[in-house]
Amino acid sequence: MRIATWNVNSITARLPRLLDWLGSEQPDVLCMQETKVAADAFPHEQLAELGYQTAALGQGRWNGVAIASRIGLDDVCEGLPGGPGYPTADEFEARAVSATCGPLRVWSIYVPNGRDPGHDHYAYKLQWLTALRDAVVDDAKGSRPFAVLGDFNVAPTDDDVWDPAAFVDATHVTPAERAALAEIRETGLGDVMPRPLKYDKPFTFWDYRAGMFHKNLGMRIDLVYGNTPFIDAVSDAYIDRQARKGTGASDHAPVVVDLTLSST
DNA sequence: ATGCCTTTCCCAGAAAGA
C-alpha cells in the first residue's frame, strides 16, 4: 500500500501534473493541502476517473485540504475539533480533514504559517497545534494504523532547514513551535523520516525564487506522523523531488510512504 | 537567504505563502 502527502499549491493550477502523478506513482491514498478551491469546485470527477474517492474541505482562495483514496473513504471528519479560528475565534479555516481509508485512519492537515513570531497568526498557529494534539490523542494510542500527514509548517530540527542562520527570529524553527510538535509526538506518534533520493537531507519545500530548488536550499516541513502500528508497517519512505522539477510545479514535493500491512 | 515567484481574487494590484 502506498500513501502520500503533497501540498499542491492550488489543485486547479496543478491538476494536469496531479493527474499525471497519480497515474505514474499509483498512491492508494493522497493527502493534499493548499488546494485553494471551494468544495463545490473541487475536481472530484477527474480524480474519480482515476479510481479515487475524494473528501475536500475548501474555502476558495486560501487554504483547503483534501483526501483522495482508492481503498475506501469513510467516516470523513471536516475541520479540526476544538480548533481556533482566524482572524476571529469563530472564523474557521479549511485546514484539516480526516477519514478512514481501508485499514488506515488518516488526517490531512495544513498548519497555519505563523507569519512572524510577534504576529497574532503565530499565536493562532500554536493554538492550532495544541488543538491538533488533543484531537489525535485517542487514535494515536489505538491499535489501528493511524497517521497525520501534511504541511506542518514547522521544521522539527535545525537539520530540517538549509541554514539555521537564515532563520534567526523567523517562524518554523522557534522552540515553541518545535515543542508543540514534540507534544503531538508524545501522544504516541513517530516522525517517518523519508529518503531524500538526492543530496543529504529530505527537504520537502523549496521557495520558488532565486533558484532555491536548484541550489537545494529547502526545508523539511511536510511530515508524516504515524502511530506504532503505522510505523511498524512502513517499508519505505522518500521525497519525490521529480515532482518539484520543471515549469508548473508546486513549491512542495510529495512525501511518499510505502506500507506493508498484514491485512493487505 | 528575501517576497527576486506563484496563485488567487478578478482584469490591477493586493494578499499570502515560509
# chains A, B, ... in the order shown; residues from 1 in each chain; ligands from 1
>>> closest_atom_pairs(of="chain B", to="chain A", cutoff="9 Å", atoms="only C-alpha atoms (C1' of nucleotides)", output="CSV")
residue,atom,partner,partner_atom,distance
B:DA1,C1',A:Ala166,CA,5.6
B:DT2,C1',A:Arg209,CA,8.9
B:DG3,C1',A:Arg209,CA,8.3
B:DC4,C1',A:Ala210,CA,5.8
B:DC5,C1',A:Tyr208,CA,4.9
B:DT6,C1',A:Tyr208,CA,7.4
B:DT7,C1',A:Ser10,CA,7.1
B:DT8,C1',A:Arg61,CA,5.3
B:DC9,C1',A:Arg61,CA,6.9
B:DA16,C1',A:Trp62,CA,8.2
B:DG17,C1',A:Asn113,CA,7.9
B:DA18,C1',A:Asn113,CA,7.0
>>> residues_around(residues="range 99-108 of chain A", least_positions_apart="4", cutoff="6 Å", atoms="only C-alpha atoms (C1' of nucleotides)", output="list in words")
Cys31, Ile71, Gly72, Leu73, Asp74, Asp75, Val76, Pro145, Phe146, Ala147, Val148, Leu149 and Gly150 of chain A
>>> closest_residue(among="A:His252, A:Arg133, A:Lys245, A:His44", to="Gly82 in chain A", atoms="only C-alpha atoms")
A:Arg133
>>> select_by_dssp(residues="range 127-245 of chain A", states="alpha helix (DSSP H)", output="ChimeraX atom specification")
/A:127-141,175-185,228-233
>>> residues_around(residues="Ala48 in chain A", least_positions_apart="5", cutoff="10 Å", atoms="only C-alpha atoms (C1' of nucleotides)", output="list of chain:residue names")
A:Pro43, A:Gln53, A:Thr54, A:Ala68, A:Ser69, A:Arg70
>>> atom_distance(atom1="CA of Tyr122 in chain A", atom2="CA of Ala135 in chain A")
19.9 Å
>>> closest_residue(among="A:Gln59, A:Ala123, A:Leu132, A:Gly118", to="Ser98 in chain A", atoms="only C-alpha atoms")
A:Leu132
>>> residues_around(residues="range 190-202 of chain A", least_positions_apart="3", cutoff="6 Å", atoms="only C-alpha atoms (C1' of nucleotides)", output="list in words")
Arg185, Val224, Tyr225, Gly226, Ala237, Tyr238 and Ile239 of chain A
>>> residues_around(residues="range 91-97 of chain A", least_positions_apart="4", cutoff="8 Å", atoms="only C-alpha atoms (C1' of nucleotides)", output="mmCIF file with N, CA and C atoms, in the first residue's frame")
data_model
loop_
_atom_site.group_PDB
_atom_site.id
_atom_site.type_symbol
_atom_site.label_atom_id
_atom_site.label_comp_id
_atom_site.auth_asym_id
_atom_site.auth_seq_id
_atom_site.Cartn_x
_atom_site.Cartn_y
_atom_site.Cartn_z
ATOM 1 N N GLN A 33 -2.844 19.473 0.434
ATOM 2 C CA GLN A 33 -3.015 20.737 1.153
ATOM 3 C C GLN A 33 -2.886 21.901 0.179
ATOM 4 N N ALA A 55 -12.532 13.453 -0.509
ATOM 5 C CA ALA A 55 -13.146 14.304 0.514
ATOM 6 C C ALA A 55 -12.390 15.619 0.495
ATOM 7 N N ALA A 56 -13.114 16.712 0.291
ATOM 8 C CA ALA A 56 -12.439 18.005 0.162
ATOM 9 C C ALA A 56 -13.096 19.033 1.073
ATOM 10 N N LEU A 57 -12.267 19.833 1.706
ATOM 11 C CA LEU A 57 -12.723 20.945 2.531
ATOM 12 C C LEU A 57 -12.040 22.181 1.977
ATOM 13 N N GLY A 58 -12.825 23.158 1.531
ATOM 14 C CA GLY A 58 -12.210 24.315 0.891
ATOM 15 C C GLY A 58 -12.975 25.580 1.156
ATOM 16 N N GLN A 59 -12.328 26.690 0.941
ATOM 17 C CA GLN A 59 -12.957 27.981 1.184
ATOM 18 C C GLN A 59 -12.659 28.960 0.057
ATOM 19 N N ASN A 63 -5.942 28.276 1.660
ATOM 20 C CA ASN A 63 -6.026 27.014 2.405
ATOM 21 C C ASN A 63 -6.683 25.913 1.569
ATOM 22 N N GLY A 64 -7.431 25.054 2.191
ATOM 23 C CA GLY A 64 -8.069 23.941 1.503
ATOM 24 C C GLY A 64 -7.273 22.665 1.673
ATOM 25 N N VAL A 65 -7.950 21.597 2.121
ATOM 26 C CA VAL A 65 -7.318 20.288 2.300
ATOM 27 C C VAL A 65 -8.236 19.217 1.708
ATOM 28 N N ALA A 66 -7.629 18.086 1.342
ATOM 29 C CA ALA A 66 -8.412 17.015 0.735
ATOM 30 C C ALA A 66 -7.728 15.677 0.971
ATOM 31 N N ILE A 67 -8.526 14.617 0.838
ATOM 32 C CA ILE A 67 -8.009 13.250 0.850
ATOM 33 C C ILE A 67 -8.590 12.541 -0.363
ATOM 34 N N VAL A 76 -15.708 10.523 7.221
ATOM 35 C CA VAL A 76 -14.995 11.778 6.979
ATOM 36 C C VAL A 76 -15.342 12.789 8.063
ATOM 37 N N CYS A 77 -14.316 13.413 8.623
ATOM 38 C CA CYS A 77 -14.493 14.482 9.614
ATOM 39 C C CYS A 77 -13.860 15.747 9.059
ATOM 40 N N GLU A 78 -14.679 16.782 8.864
ATOM 41 C CA GLU A 78 -14.191 18.037 8.293
ATOM 42 C C GLU A 78 -13.835 19.021 9.398
ATOM 43 N N GLY A 79 -12.627 19.572 9.313
ATOM 44 C CA GLY A 79 -12.200 20.574 10.274
ATOM 45 C C GLY A 79 -11.469 19.967 11.458
ATOM 46 N N LEU A 80 -10.949 20.840 12.299
ATOM 47 C CA LEU A 80 -10.196 20.433 13.483
ATOM 48 C C LEU A 80 -11.070 20.622 14.720
ATOM 49 N N GLY A 83 -10.582 23.373 17.414
ATOM 50 C CA GLY A 83 -9.534 24.247 16.882
ATOM 51 C C GLY A 83 -9.925 25.717 16.944
ATOM 52 N N PRO A 84 -8.912 26.593 16.906
ATOM 53 C CA PRO A 84 -9.179 28.033 16.936
ATOM 54 C C PRO A 84 -9.584 28.546 15.553
ATOM 55 N N GLY A 85 -10.163 29.738 15.513
ATOM 56 C CA GLY A 85 -10.475 30.408 14.254
ATOM 57 C C GLY A 85 -9.505 31.544 14.010
ATOM 58 N N TYR A 86 -9.584 32.100 12.792
ATOM 59 C CA TYR A 86 -8.750 33.250 12.455
ATOM 60 C C TYR A 86 -9.404 34.006 11.304
ATOM 61 N N PRO A 87 -9.444 35.340 11.367
ATOM 62 C CA PRO A 87 -8.863 36.210 12.390
ATOM 63 C C PRO A 87 -9.685 36.307 13.676
ATOM 64 N N TRP A 107 -5.266 11.772 8.691
ATOM 65 C CA TRP A 107 -5.572 13.196 8.686
ATOM 66 C C TRP A 107 -4.751 13.861 7.596
ATOM 67 N N SER A 108 -5.343 14.814 6.889
ATOM 68 C CA SER A 108 -4.622 15.719 6.002
ATOM 69 C C SER A 108 -4.707 17.102 6.625
ATOM 70 N N ILE A 109 -3.557 17.662 6.979
ATOM 71 C CA ILE A 109 -3.558 18.939 7.712
ATOM 72 C C ILE A 109 -2.687 19.992 7.038
ATOM 73 N N TYR A 110 -3.100 21.233 7.208
ATOM 74 C CA TYR A 110 -2.331 22.387 6.734
ATOM 75 C C TYR A 110 -2.229 23.372 7.899
ATOM 76 N N VAL A 111 -1.110 23.314 8.602
ATOM 77 C CA VAL A 111 -0.910 24.117 9.808
ATOM 78 C C VAL A 111 -0.731 25.584 9.417
ATOM 79 N N PRO A 112 -1.327 26.514 10.187
ATOM 80 C CA PRO A 112 -1.136 27.941 9.887
ATOM 81 C C PRO A 112 0.343 28.320 9.821
#
>>> select_by_dssp(residues="range 19-119 of chain A", states="strand (DSSP E or B)", output="PyMOL selection string")
chain A and resi 29-33+53-57+65-69+74-78+96-101+104-110
>>> write_last_selection(atoms="C-alpha atoms", output="compact mmCIF listing (two decimals), in the first residue's frame")
# COMPACT_ATOMS: atom_id res chain seq x y z
CA VAL A 29 -4.22 7.40 -0.53
CA LEU A 30 -3.12 11.01 -1.18
CA CYS A 31 -3.47 13.79 1.37
CA MET A 32 -3.42 17.23 -0.24
CA GLN A 33 -3.01 20.74 1.15
CA GLN A 53 -12.96 8.83 -3.96
CA THR A 54 -12.34 12.31 -2.60
CA ALA A 55 -13.15 14.30 0.51
CA ALA A 56 -12.44 18.01 0.16
CA LEU A 57 -12.72 20.94 2.53
CA VAL A 65 -7.32 20.29 2.30
CA ALA A 66 -8.41 17.01 0.73
CA ILE A 67 -8.01 13.25 0.85
CA ALA A 68 -8.15 11.04 -2.25
CA SER A 69 -8.43 7.29 -1.71
CA ASP A 74 -15.43 6.55 5.23
CA ASP A 75 -16.21 8.47 8.41
CA VAL A 76 -14.99 11.78 6.98
CA CYS A 77 -14.49 14.48 9.61
CA GLU A 78 -14.19 18.04 8.29
CA ALA A 96 -7.91 19.71 8.43
CA VAL A 97 -9.88 16.74 7.15
CA SER A 98 -9.72 13.15 8.36
CA ALA A 99 -11.08 9.87 7.04
CA THR A 100 -10.88 6.11 7.28
CA CYS A 101 -9.25 4.62 4.17
CA LEU A 104 -5.98 3.29 7.93
CA ARG A 105 -7.22 6.33 9.74
CA VAL A 106 -5.57 9.44 8.26
CA TRP A 107 -5.57 13.20 8.69
CA SER A 108 -4.62 15.72 6.00
CA ILE A 109 -3.56 18.94 7.71
CA TYR A 110 -2.33 22.39 6.73
>>> atom_distance(atom1="CA of Val137 in chain A", atom2="CA of Pro229 in chain A")
14.6 Å
>>> residues_around(residues="Ala179 in chain A", least_positions_apart="5", cutoff="12 Å", atoms="only C-alpha atoms (C1' of nucleotides)", output="list in words")
Leu126, Leu129, Thr130, Arg133, Val154, Ala155, Pro156, Thr157, His172, Val173, Thr174, Ile184, Arg185 and Glu186 of chain A
>>> write_last_selection(atoms="C-alpha atoms", output="PDB file, in the first residue's frame")
ATOM      1  CA  LEU A 126       0.438  27.432  18.391  1.00  0.00           C
ATOM      2  CA  LEU A 129      -1.142  22.720  17.052  1.00  0.00           C
ATOM      3  CA  THR A 130      -2.384  22.268  20.627  1.00  0.00           C
ATOM      4  CA  ARG A 133      -2.623  17.260  19.686  1.00  0.00           C
ATOM      5  CA  VAL A 154       7.473  23.667  11.290  1.00  0.00           C
ATOM      6  CA  ALA A 155      10.986  22.336  10.683  1.00  0.00           C
ATOM      7  CA  PRO A 156      11.386  19.829  13.543  1.00  0.00           C
ATOM      8  CA  THR A 157      15.168  20.354  13.938  1.00  0.00           C
ATOM      9  CA  HIS A 172       9.026  27.486  11.544  1.00  0.00           C
ATOM     10  CA  VAL A 173      12.056  26.961  13.802  1.00  0.00           C
ATOM     11  CA  THR A 174      11.167  28.549  17.156  1.00  0.00           C
ATOM     12  CA  ILE A 184       1.987  15.827  19.268  1.00  0.00           C
ATOM     13  CA  ARG A 185       4.617  13.073  19.007  1.00  0.00           C
ATOM     14  CA  GLU A 186       4.270  12.388  22.743  1.00  0.00           C
TER      15      GLU A 186
END
